[in-house]
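Have a look at model13.cif below; it lists mmCIF, C-alpha atoms.
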data_target
loop_
_atom_site.label_atom_id
_atom_site.label_comp_id
_atom_site.auth_asym_id
_atom_site.auth_seq_id
_atom_site.Cartn_x
_atom_site.Cartn_y
_atom_site.Cartn_z
CA MET A 1 18.44 1.85 23.20
CA PHE A 2 16.16 4.51 24.71
CA SER A 3 19.06 6.28 26.38
CA SER A 4 21.21 6.41 23.24
CA GLN A 5 21.84 9.80 21.63
CA SER A 6 20.70 8.53 18.21
CA PHE A 7 17.31 7.51 19.66
CA LYS A 8 16.92 10.97 21.23
CA ASP A 9 17.95 12.60 17.95
CA GLY A 10 15.24 10.60 16.18
CA VAL A 11 12.64 11.78 18.71
CA LYS A 12 13.85 15.37 18.26
CA HIS A 13 13.49 15.03 14.49
CA ALA A 14 9.90 13.77 14.79
CA PHE A 15 8.92 16.51 17.23
CA GLY A 16 7.53 19.46 15.25
CA VAL A 17 6.39 19.42 11.62
CA PRO A 18 6.32 15.60 11.14
CA ALA A 19 4.34 15.08 14.38
CA LEU A 20 2.03 17.99 13.55
CA GLY A 21 1.40 16.83 9.96
CA LEU A 22 0.54 13.26 10.94
CA GLY A 23 -1.06 14.22 14.28
CA SER A 24 -3.67 16.50 12.70
CA SER A 25 -4.77 13.69 10.39
CA MET A 26 -4.92 11.25 13.31
CA PHE A 27 -6.97 13.84 15.23
CA ALA A 28 -9.40 13.89 12.29
CA PHE A 29 -9.50 10.10 12.31
CA GLY A 30 -10.38 10.06 16.01
CA ALA A 31 -13.13 12.62 15.47
CA PHE A 32 -14.40 10.62 12.49
CA LEU A 33 -14.58 7.44 14.58
CA HIS A 34 -16.56 9.29 17.25
CA SER A 35 -19.08 10.55 14.70
CA ALA A 36 -19.30 7.05 13.20
CA GLY A 37 -20.26 5.47 16.55
CA PHE A 38 -17.00 3.75 17.54
CA ASP A 39 -15.91 3.86 21.20
CA ILE A 40 -12.73 5.40 22.58
CA TYR A 41 -10.97 2.05 23.17
CA GLN A 42 -11.58 1.00 19.59
CA SER A 43 -10.11 4.31 18.41
CA PHE A 44 -7.08 3.80 20.64
CA PHE A 45 -6.47 0.20 19.52
CA SER A 46 -6.89 1.03 15.84
CA THR A 47 -3.95 3.46 15.79
CA PHE A 48 -1.96 1.52 18.41
CA PHE A 49 -1.94 -1.69 16.37
CA THR A 50 -2.35 -0.50 12.78
CA PHE A 51 -0.61 2.91 12.53
CA ALA A 52 -1.28 3.38 8.81
CA LEU A 53 -3.94 6.01 8.30
CA PRO A 54 -5.34 5.28 4.81
CA GLY A 55 -5.89 1.65 5.83
CA GLN A 56 -7.50 2.71 9.13
CA PHE A 57 -10.00 4.86 7.23
CA VAL A 58 -10.70 1.98 4.84
CA MET A 59 -11.28 -0.35 7.81
CA ALA A 60 -13.78 2.03 9.44
CA GLU A 61 -15.58 2.72 6.17
CA THR A 62 -15.79 -0.98 5.26
CA ILE A 63 -17.29 -1.69 8.69
CA LEU A 64 -19.84 1.11 8.20
CA ALA A 65 -20.67 -0.22 4.72
CA GLY A 66 -21.50 -3.61 6.27
CA GLY A 67 -18.42 -5.46 4.98
CA THR A 68 -17.34 -8.88 6.27
CA LEU A 69 -14.05 -9.54 8.09
CA LEU A 70 -12.61 -10.93 4.84
CA ASN A 71 -13.66 -7.74 2.98
CA ILE A 72 -11.94 -5.67 5.66
CA PHE A 73 -8.77 -7.77 5.62
CA LEU A 74 -8.41 -7.60 1.82
CA ALA A 75 -9.33 -3.92 1.57
CA VAL A 76 -6.80 -2.95 4.27
CA LEU A 77 -4.13 -5.27 2.84
CA LEU A 78 -4.49 -3.66 -0.59
CA THR A 79 -4.57 -0.12 0.78
CA ASN A 80 -1.56 -0.62 3.02
CA SER A 81 0.40 -2.73 0.53
CA ARG A 82 2.54 0.36 -0.16
CA LEU A 83 4.24 -0.52 3.15
CA TYR A 84 5.75 -3.64 1.54
CA PRO A 85 8.12 -1.93 -0.95
CA MET A 86 8.75 0.84 1.60
CA THR A 87 9.87 -1.73 4.19
CA VAL A 88 12.01 -3.63 1.66
CA ASN A 89 13.63 -0.29 0.85
CA ILE A 90 14.33 0.91 4.38
CA THR A 91 15.37 -2.44 5.92
CA PRO A 92 18.88 -2.61 4.38
CA LEU A 93 19.55 0.81 5.92
CA ILE A 94 18.27 0.22 9.45
CA ARG A 95 19.35 -3.43 9.69
CA ASN A 96 21.82 -3.81 12.54
CA SER A 97 23.54 -7.07 13.43
CA ASN A 98 23.87 -5.90 17.05
CA VAL A 99 20.08 -5.58 17.44
CA PRO A 100 18.13 -8.81 18.06
CA LYS A 101 15.80 -9.84 15.21
CA TRP A 102 12.66 -9.54 17.37
CA LYS A 103 13.48 -5.92 18.16
CA GLN A 104 13.93 -5.20 14.47
CA TYR A 105 10.52 -6.76 13.75
CA ILE A 106 8.95 -4.58 16.47
CA GLY A 107 10.70 -1.56 14.94
CA ALA A 108 9.06 -2.44 11.59
CA HIS A 109 5.72 -1.42 13.13
CA PHE A 110 6.90 2.21 12.98
CA ILE A 111 7.38 2.16 9.21
CA ALA A 112 4.82 4.56 7.74
CA VAL A 113 4.97 7.21 5.02
CA THR A 114 5.90 10.05 7.41
CA SER A 115 8.65 8.17 9.27
CA TRP A 116 9.96 6.67 6.00
CA PHE A 117 10.29 10.03 4.23
CA ASN A 118 11.77 11.80 7.22
CA PHE A 119 14.30 9.04 7.81
CA PHE A 120 15.42 9.06 4.17
CA SER A 121 15.85 12.84 4.30
CA VAL A 122 18.60 12.51 6.93
CA GLN A 123 19.90 8.94 6.78
CA LYS A 124 23.10 9.83 4.92
CA ASN A 125 24.21 11.92 7.91
CA ILE A 126 23.68 9.12 10.46
CA LYS A 127 26.34 6.53 11.29
CA GLU A 128 25.54 2.98 10.11
CA ASP A 129 25.25 1.46 13.59
CA GLU A 130 23.07 4.31 14.86
CA LYS A 131 20.44 4.20 12.12
CA PHE A 132 18.17 1.65 13.79
CA ASN A 133 17.98 3.57 17.07
CA TYR A 134 17.43 6.83 15.21
CA PHE A 135 14.60 5.31 13.21
CA VAL A 136 12.96 3.83 16.32
CA GLY A 137 13.14 7.25 18.01
CA LEU A 138 11.65 8.97 14.98
CA GLY A 139 8.99 6.37 14.11
CA GLY A 140 8.23 5.49 17.73
CA PHE A 141 7.54 9.09 18.63
CA LEU A 142 5.31 9.55 15.57
CA TRP A 143 3.43 6.38 16.52
CA ALA A 144 2.94 7.43 20.18
CA ASN A 145 1.92 10.92 19.08
CA SER A 146 -0.56 9.40 16.61
CA VAL A 147 -2.18 7.30 19.35
CA VAL A 148 -2.53 10.38 21.59
CA CYS A 149 -3.90 12.51 18.72
CA THR A 150 -6.45 9.83 17.75
CA VAL A 151 -7.77 9.73 21.32
CA ALA A 152 -7.72 13.56 21.51
CA GLY A 153 -9.67 13.73 18.24
CA TYR A 154 -12.20 11.31 19.66
CA LEU A 155 -12.58 13.28 22.91
CA PHE A 156 -12.73 16.74 21.33
CA SER A 157 -14.69 15.89 18.20
CA ASN A 158 -17.52 18.18 19.34
CA LEU A 159 -15.16 21.16 18.95
CA VAL A 160 -14.70 20.44 15.25
CA THR A 161 -17.39 21.15 12.66
CA HIS A 162 -18.01 18.62 9.93
CA GLU A 163 -16.46 20.93 7.31
CA ILE A 164 -13.28 21.28 9.36
CA LEU A 165 -13.21 17.53 9.84
CA ILE A 166 -13.20 16.95 6.07
CA ALA A 167 -10.38 19.49 5.72
CA LEU A 168 -8.37 17.75 8.45
CA VAL A 169 -8.72 14.48 6.54
CA PHE A 170 -7.39 16.28 3.44
CA ILE A 171 -4.22 17.30 5.32
CA ASN A 172 -2.90 13.73 5.21
CA PRO A 173 -2.57 13.34 1.41
CA MET A 174 -1.31 16.94 1.18
CA TYR A 175 1.41 16.28 3.74
CA PHE A 176 2.33 13.08 1.87
CA LEU A 177 2.52 15.15 -1.33
CA VAL A 178 4.83 17.76 0.18
CA MET A 179 7.16 15.02 1.38
CA THR A 180 7.02 13.37 -2.03
CA VAL A 181 7.90 16.50 -3.99
CA SER A 182 10.71 17.25 -1.55
CA ASN A 183 12.40 14.19 -3.09
CA LEU A 184 12.39 15.47 -6.66
CA GLU A 185 16.14 15.39 -7.11
CA GLU A 186 16.93 12.23 -9.02
CA LYS A 187 15.48 11.82 -12.53
CA LYS A 188 14.43 8.22 -11.89
CA ILE A 189 12.40 9.32 -8.85
CA ILE A 190 10.78 12.25 -10.70
CA CYS A 191 9.80 9.92 -13.55
CA SER A 192 8.46 7.26 -11.14
CA ILE A 193 6.37 9.82 -9.23
CA LEU A 194 4.84 11.50 -12.29
CA VAL A 195 4.09 8.26 -14.13
CA GLY A 196 2.81 6.57 -10.95
CA ALA A 197 0.35 9.38 -10.20
CA THR A 198 -0.86 9.58 -13.81
CA LEU A 199 -1.20 5.82 -14.29
CA SER A 200 -3.16 5.35 -11.06
CA ILE A 201 -5.78 7.85 -12.30
CA PHE A 202 -6.16 6.13 -15.67
CA LEU A 203 -6.08 2.60 -14.25
CA ASN A 204 -8.67 3.33 -11.57
CA ASP A 205 -11.61 2.34 -13.77
CA VAL A 206 -9.81 -0.65 -15.30
CA PHE A 207 -8.45 -2.22 -12.11
CA PRO A 208 -10.43 -0.80 -9.20
CA GLY A 209 -8.65 -1.66 -5.97
CA TRP A 210 -5.44 -2.72 -7.72
CA SER A 211 -4.71 0.51 -9.63
CA VAL A 212 -2.31 1.91 -7.03
CA LEU A 213 -0.17 -1.23 -6.85
CA ILE A 214 -0.10 -1.81 -10.61
CA ALA A 215 0.65 1.87 -11.32
CA GLY A 216 3.39 1.89 -8.67
CA VAL A 217 5.19 -1.21 -9.91
CA LEU A 218 4.95 -0.19 -13.59
CA ALA A 219 6.00 3.43 -12.99
CA GLY A 220 8.82 2.53 -10.59
CA THR A 221 10.18 -0.08 -12.99
CA LEU A 222 9.95 2.37 -15.90
CA GLY A 223 11.72 5.15 -13.96
CA PHE A 224 14.43 2.73 -12.82
CA PHE A 225 15.20 1.35 -16.29
CA ILE A 226 14.99 4.64 -18.21
CA PHE A 227 17.41 6.36 -15.85
CA ARG A 228 19.51 3.30 -15.09
CA LYS A 229 22.80 5.11 -15.59
CA GLU A 230 21.91 7.45 -12.72
CA ASN A 231 22.40 4.55 -10.26
CA ASN A 232 26.04 4.18 -11.25
CA GLU A 233 26.90 7.87 -10.88
CA MET B 1 -22.35 -3.41 14.18
CA SER B 2 -21.42 -5.17 17.41
CA SER B 3 -18.51 -4.12 19.58
CA GLN B 4 -17.00 -7.59 19.19
CA PHE B 5 -17.09 -7.30 15.39
CA ILE B 6 -15.29 -3.94 15.52
CA TYR B 7 -12.52 -5.38 17.70
CA LEU B 8 -12.16 -8.32 15.31
CA SER B 9 -12.04 -5.84 12.41
CA ILE B 10 -9.25 -3.90 14.13
CA LEU B 11 -7.42 -7.21 14.64
CA VAL B 12 -7.66 -8.28 10.97
CA ALA B 13 -6.74 -4.76 9.80
CA SER B 14 -3.68 -4.78 12.08
CA VAL B 15 -2.63 -8.27 10.94
CA GLY B 16 -3.02 -7.25 7.26
CA THR B 17 -0.97 -4.11 7.81
CA TYR B 18 1.76 -5.71 9.90
CA PHE B 19 2.03 -8.54 7.36
CA CYS B 20 3.12 -5.95 4.74
CA ARG B 21 5.81 -4.66 7.11
CA ALA B 22 7.04 -8.04 8.39
CA PHE B 23 7.05 -9.64 4.93
CA GLY B 24 8.89 -6.59 3.61
CA MET B 25 11.54 -7.00 6.29
CA PHE B 26 11.85 -10.72 5.56
CA SER B 27 12.11 -10.11 1.79
CA ALA B 28 14.88 -7.55 2.30
CA LYS B 29 17.25 -9.85 4.17
CA ASN B 30 19.57 -10.34 1.16
CA ILE B 31 19.22 -6.85 -0.31
CA LYS B 32 22.26 -4.63 0.04
CA VAL B 33 22.28 -0.84 0.12
CA ASP B 34 23.18 0.53 -3.33
CA SER B 35 22.40 -2.73 -5.12
CA PRO B 36 20.23 -2.32 -8.27
CA ILE B 37 17.23 -3.92 -6.54
CA PHE B 38 17.54 -1.36 -3.70
CA HIS B 39 17.27 1.50 -6.22
CA TRP B 40 14.43 -0.23 -8.09
CA ILE B 41 12.38 -0.78 -4.92
CA ARG B 42 12.93 2.87 -3.99
CA CYS B 43 11.46 3.93 -7.36
CA VAL B 44 8.51 1.57 -6.84
CA SER B 45 7.92 2.89 -3.30
CA MET B 46 7.89 6.50 -4.47
CA ALA B 47 5.61 5.64 -7.40
CA VAL B 48 3.19 3.76 -5.12
CA ILE B 49 3.01 6.71 -2.70
CA ALA B 50 2.41 9.11 -5.62
CA ALA B 51 -0.30 6.75 -6.90
CA VAL B 52 -1.97 6.69 -3.44
CA ILE B 53 -2.01 10.51 -3.32
CA ALA B 54 -3.42 10.80 -6.86
CA ARG B 55 -6.11 8.28 -6.04
CA ILE B 56 -7.14 10.16 -2.88
CA VAL B 57 -7.32 13.46 -4.80
CA PHE B 58 -9.18 12.08 -7.83
CA PHE B 59 -11.14 9.12 -6.47
CA PRO B 60 -11.41 9.39 -2.68
CA VAL B 61 -13.52 7.14 -0.49
CA GLY B 62 -15.29 8.10 2.73
CA ILE B 63 -15.89 11.64 3.92
CA LEU B 64 -13.61 13.26 1.33
CA THR B 65 -16.28 12.39 -1.24
CA GLU B 66 -18.26 15.25 0.36
CA SER B 67 -15.87 17.66 -1.41
CA THR B 68 -15.77 18.22 -5.16
CA MET B 69 -12.90 17.05 -7.35
CA LEU B 70 -12.37 20.67 -8.47
CA VAL B 71 -11.81 21.81 -4.87
CA ARG B 72 -9.37 18.98 -4.22
CA ILE B 73 -7.39 19.65 -7.42
CA VAL B 74 -7.28 23.44 -6.85
CA CYS B 75 -6.08 22.95 -3.24
CA THR B 76 -3.44 20.46 -4.40
CA LEU B 77 -2.14 23.05 -6.88
CA ILE B 78 -2.19 25.73 -4.16
CA LEU B 79 -0.10 23.44 -1.95
CA LEU B 80 2.51 22.91 -4.68
CA VAL B 81 2.67 26.59 -5.69
CA VAL B 82 3.06 27.79 -2.07
CA TYR B 83 5.60 25.06 -1.30
CA PHE B 84 7.92 25.98 -4.20
CA LEU B 85 7.27 29.73 -4.00
CA PHE B 86 8.08 30.04 -0.30
CA LYS B 87 11.38 28.14 -0.08
CA LYS B 88 9.80 24.73 0.53
CA ASN B 89 8.00 25.84 3.69
CA VAL B 90 6.00 22.75 4.67
CA ILE B 91 3.78 24.34 7.34
CA LEU B 92 2.87 27.31 5.14
CA ALA B 93 2.08 25.07 2.17
CA VAL B 94 -0.06 22.58 4.10
CA SER B 95 -1.91 25.26 6.10
CA SER B 96 -2.60 27.41 2.98
CA SER B 97 -3.99 24.40 1.17
CA THR B 98 -6.12 23.38 4.16
CA ILE B 99 -7.56 26.88 4.71
CA CYS B 100 -8.39 27.18 1.01
CA PHE B 101 -10.00 23.75 1.16
CA VAL B 102 -12.29 24.84 4.03
CA ILE B 103 -13.29 28.06 2.23
CA LEU B 104 -13.77 26.55 -1.24
CA ASN B 105 -15.58 23.50 0.10
CA HIS B 106 -17.98 25.82 1.94
CA VAL B 107 -18.55 28.11 -1.05
CA LEU B 108 -18.72 25.55 -3.88
#

Rewrite the structure from the file as structure tokens, please.
Amino acid sequence: MFSSQSFKDGVKHAFGVPALGLGSSMFAFGAFLHSAGFDIYQSFFSTFFTFALPGQFVMAETILAGGTLLNIFLAVLLTNSRLYPMTVNITPLIRNSNVPKWKQYIGAHFIAVTSWFNFFSVQKNIKEDEKFNYFVGLGGFLWANSVVCTVAGYLFSNLVTHEILIALVFINPMYFLVMTVSNLEEKKIICSILVGATLSIFLNDVFPGWSVLIAGVLAGTLGFFIFRKENNE
Amino acid sequence: MSSQFIYLSILVASVGTYFCRAFGMFSAKNIKVDSPIFHWIRCVSMAVIAAVIARIVFFPVGILTESTMLVRIVCTLILLVVYFLFKKNVILAVSSSTICFVILNHVL
């Protein structure tokens, strides 16, 4: 797998803007953990095993707020629940009958917003049987880079002022936004994005904690049904 | 907070996160590319990501609460304007927005 050209192409794709966009946010996360009193191993393990930044921040902040393990589990589950529809969406594309199931489940660990968007931006140009290796190269490199950047952020946190740290944290949603608007081609997607963002703001007070999921399912369903004909074109 | 508790927290956070991925993979076993459900789940995924971004900009948690909503909204608009004005240049858009965020957050 690692010697295949599609794997190397995936790594090449991740190297550059995707790695920089996610890496800077992971650097901020590492620096944040340092300032919050975590140790370097905890910073390393957090990105190594979780690799989903919004949930990692929620975990650290719930710990600092004195939450229980159940609080942390539920808060992270809700925050990272976006990974469920994303995984259901990407799996039919990267599924490969020649790759053992256990390898595919390990590959699922690399599904995150950055790898998901970047894979979808090129997947039509990749041969069916090469998609899994390409995705593992792309996602795996982003994951490894994230681990390194988290540790670097922890080690060099003294070089970053608090104001810069807040700005680095802000890069993550902005990078997500750029990737989101780069997909504004199909009407059903445009509708889903606009309604999803608007609904989540209005539902925040009504369903705190659940607003993102409810807004996402409602808006996505609305976009899909209104522009149903688009699917058949 | 004890070191042991933090490690346990990382463990439960990782299990919660990986559950979303593994269950997603399991749920997708009968879904075919270009089936209606594939298109529907793509719409839902995009909407959920948009909802996450909107929530972070309007109702953040953690250290982003140390910035004002006005600064976050202005910098989001700067990002979009620069992105579409300069031929979808990702680095320019993200760096412009971040630099403006640092300046505005310091001034306001």

Could you tell me, as a compact mmCIF listing (two decimals) with C-alpha atoms, keeping the file's coordinate frame, exactly which residues end up selected when the PyMOL selection byres ((chain A) within 7 of (chain B)) is applied to this structure?
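The resulting out.txt:
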# COMPACT_ATOMS: atom_id res chain seq x y z
CA GLN A 42 -11.58 1.00 19.59
CA SER A 46 -6.89 1.03 15.84
CA PHE A 49 -1.94 -1.69 16.37
CA THR A 50 -2.35 -0.50 12.78
CA MET A 59 -11.28 -0.35 7.81
CA GLU A 61 -15.58 2.72 6.17
CA LEU A 69 -14.05 -9.54 8.09
CA ILE A 72 -11.94 -5.67 5.66
CA PHE A 73 -8.77 -7.77 5.62
CA VAL A 76 -6.80 -2.95 4.27
CA LEU A 77 -4.13 -5.27 2.84
CA ASN A 80 -1.56 -0.62 3.02
CA SER A 81 0.40 -2.73 0.53
CA ARG A 82 2.54 0.36 -0.16
CA LEU A 83 4.24 -0.52 3.15
CA TYR A 84 5.75 -3.64 1.54
CA PRO A 85 8.12 -1.93 -0.95
CA MET A 86 8.75 0.84 1.60
CA THR A 87 9.87 -1.73 4.19
CA VAL A 88 12.01 -3.63 1.66
CA ASN A 89 13.63 -0.29 0.85
CA THR A 91 15.37 -2.44 5.92
CA PRO A 92 18.88 -2.61 4.38
CA LEU A 93 19.55 0.81 5.92
CA TYR A 105 10.52 -6.76 13.75
CA ALA A 108 9.06 -2.44 11.59
CA HIS A 109 5.72 -1.42 13.13
CA GLU A 163 -16.46 20.93 7.31
CA ILE A 164 -13.28 21.28 9.36
CA ILE A 166 -13.20 16.95 6.07
CA ALA A 167 -10.38 19.49 5.72
CA ILE A 171 -4.22 17.30 5.32
CA PRO A 173 -2.57 13.34 1.41
CA MET A 174 -1.31 16.94 1.18
CA TYR A 175 1.41 16.28 3.74
CA LEU A 177 2.52 15.15 -1.33
CA VAL A 178 4.83 17.76 0.18
CA LYS A 188 14.43 8.22 -11.89
CA ILE A 189 12.40 9.32 -8.85
CA SER A 192 8.46 7.26 -11.14
CA ILE A 193 6.37 9.82 -9.23
CA GLY A 196 2.81 6.57 -10.95
CA ALA A 197 0.35 9.38 -10.20
CA SER A 200 -3.16 5.35 -11.06
CA ILE A 201 -5.78 7.85 -12.30
CA VAL A 212 -2.31 1.91 -7.03
CA LEU A 213 -0.17 -1.23 -6.85
CA ALA A 215 0.65 1.87 -11.32
CA GLY A 216 3.39 1.89 -8.67
CA VAL A 217 5.19 -1.21 -9.91
CA ALA A 219 6.00 3.43 -12.99
CA GLY A 220 8.82 2.53 -10.59
CA THR A 221 10.18 -0.08 -12.99
CA GLY A 223 11.72 5.15 -13.96
CA PHE A 224 14.43 2.73 -12.82

For the point (19.0, 6.8, 20.9) in file coordinates, what residues are within 12 Å, counting all atoms listed in the file? Give the answer as a PyMOL selection string? chain A and resi 1-13+126+129-138+140-141

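The interatomic distance for the pair CA of Ser157 in chain A and CA of Phe27 in chain A works out to 8.5 Å.
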
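Interatomic distance, CA of Val147 in chain A to CA of Thr47 in chain A: 5.5 Å.
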
Using CA of Val58 in chain A and CA of Cys149 in chain A as the two end points, give the distance in Å to one decimal. 18.7 Å

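What the PyMOL selection byres ((chain A and resi 43) around 8) grabs from this file is Gly30, Leu33, Phe38, Asp39, Ile40, Tyr41, Gln42, Phe44, Phe45, Ser46, Thr47, Thr150, Val151 and Tyr154 of chain A.
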
Could you add the missing atoms to range 31-60 of chain A, up to N, CA and C atoms, and return them as a compact mmCIF listing (two decimals), keeping the file's coordinate frame?
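The resulting file, selection-v6.txt, is reproduced below:
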# COMPACT_ATOMS: atom_id res chain seq x y z
N ALA A 31 -11.84 11.93 15.51
CA ALA A 31 -13.13 12.62 15.47
C ALA A 31 -14.11 11.89 14.54
N PHE A 32 -13.57 11.38 13.44
CA PHE A 32 -14.40 10.62 12.49
C PHE A 32 -14.96 9.36 13.15
N LEU A 33 -14.11 8.66 13.91
CA LEU A 33 -14.58 7.44 14.58
C LEU A 33 -15.68 7.75 15.59
N HIS A 34 -15.53 8.90 16.28
CA HIS A 34 -16.56 9.29 17.25
C HIS A 34 -17.90 9.50 16.54
N SER A 35 -17.83 10.25 15.42
CA SER A 35 -19.08 10.55 14.70
C SER A 35 -19.67 9.29 14.07
N ALA A 36 -18.81 8.28 13.83
CA ALA A 36 -19.30 7.05 13.20
C ALA A 36 -19.81 6.02 14.22
N GLY A 37 -19.69 6.35 15.53
CA GLY A 37 -20.26 5.47 16.55
C GLY A 37 -19.29 4.48 17.17
N PHE A 38 -17.99 4.63 16.92
CA PHE A 38 -17.00 3.75 17.54
C PHE A 38 -16.77 4.23 18.98
N ASP A 39 -16.20 3.36 19.85
CA ASP A 39 -15.91 3.86 21.20
C ASP A 39 -14.43 4.24 21.32
N ILE A 40 -14.08 4.84 22.44
CA ILE A 40 -12.73 5.40 22.58
C ILE A 40 -11.64 4.32 22.59
N TYR A 41 -11.96 3.13 23.14
CA TYR A 41 -10.97 2.05 23.17
C TYR A 41 -10.68 1.54 21.76
N GLN A 42 -11.75 1.46 20.97
CA GLN A 42 -11.58 1.00 19.59
C GLN A 42 -10.73 2.00 18.80
N SER A 43 -10.92 3.29 19.07
CA SER A 43 -10.11 4.31 18.41
C SER A 43 -8.65 4.16 18.81
N PHE A 44 -8.44 3.97 20.11
CA PHE A 44 -7.08 3.80 20.64
C PHE A 44 -6.40 2.59 19.99
N PHE A 45 -7.08 1.44 20.03
CA PHE A 45 -6.47 0.20 19.52
C PHE A 45 -6.21 0.27 18.01
N SER A 46 -7.07 0.96 17.29
CA SER A 46 -6.89 1.03 15.84
C SER A 46 -5.54 1.66 15.48
N THR A 47 -5.24 2.81 16.11
CA THR A 47 -3.95 3.46 15.79
C THR A 47 -2.79 2.74 16.47
N PHE A 48 -3.02 2.23 17.68
CA PHE A 48 -1.96 1.52 18.41
C PHE A 48 -1.44 0.33 17.61
N PHE A 49 -2.36 -0.46 17.04
CA PHE A 49 -1.94 -1.69 16.37
C PHE A 49 -1.78 -1.55 14.86
N THR A 50 -2.45 -0.59 14.24
CA THR A 50 -2.35 -0.50 12.78
C THR A 50 -1.35 0.56 12.35
N PHE A 51 -1.52 1.81 12.82
CA PHE A 51 -0.61 2.91 12.53
C PHE A 51 -0.34 3.06 11.03
N ALA A 52 -1.40 3.12 10.25
CA ALA A 52 -1.28 3.38 8.81
C ALA A 52 -2.62 3.98 8.40
N LEU A 53 -2.67 5.30 8.36
CA LEU A 53 -3.94 6.01 8.30
C LEU A 53 -4.88 5.64 7.14
N PRO A 54 -4.40 5.62 5.88
CA PRO A 54 -5.34 5.28 4.81
C PRO A 54 -6.06 3.94 5.05
N GLY A 55 -5.30 2.96 5.54
CA GLY A 55 -5.89 1.65 5.83
C GLY A 55 -6.88 1.71 7.00
N GLN A 56 -6.59 2.58 7.97
CA GLN A 56 -7.50 2.71 9.13
C GLN A 56 -8.84 3.30 8.67
N PHE A 57 -8.76 4.29 7.77
CA PHE A 57 -10.00 4.86 7.23
C PHE A 57 -10.78 3.80 6.45
N VAL A 58 -10.05 3.02 5.65
CA VAL A 58 -10.70 1.98 4.84
C VAL A 58 -11.37 0.96 5.76
N MET A 59 -10.68 0.60 6.86
CA MET A 59 -11.28 -0.35 7.81
C MET A 59 -12.60 0.19 8.35
N ALA A 60 -12.57 1.45 8.84
CA ALA A 60 -13.78 2.03 9.44
C ALA A 60 -14.90 2.14 8.41
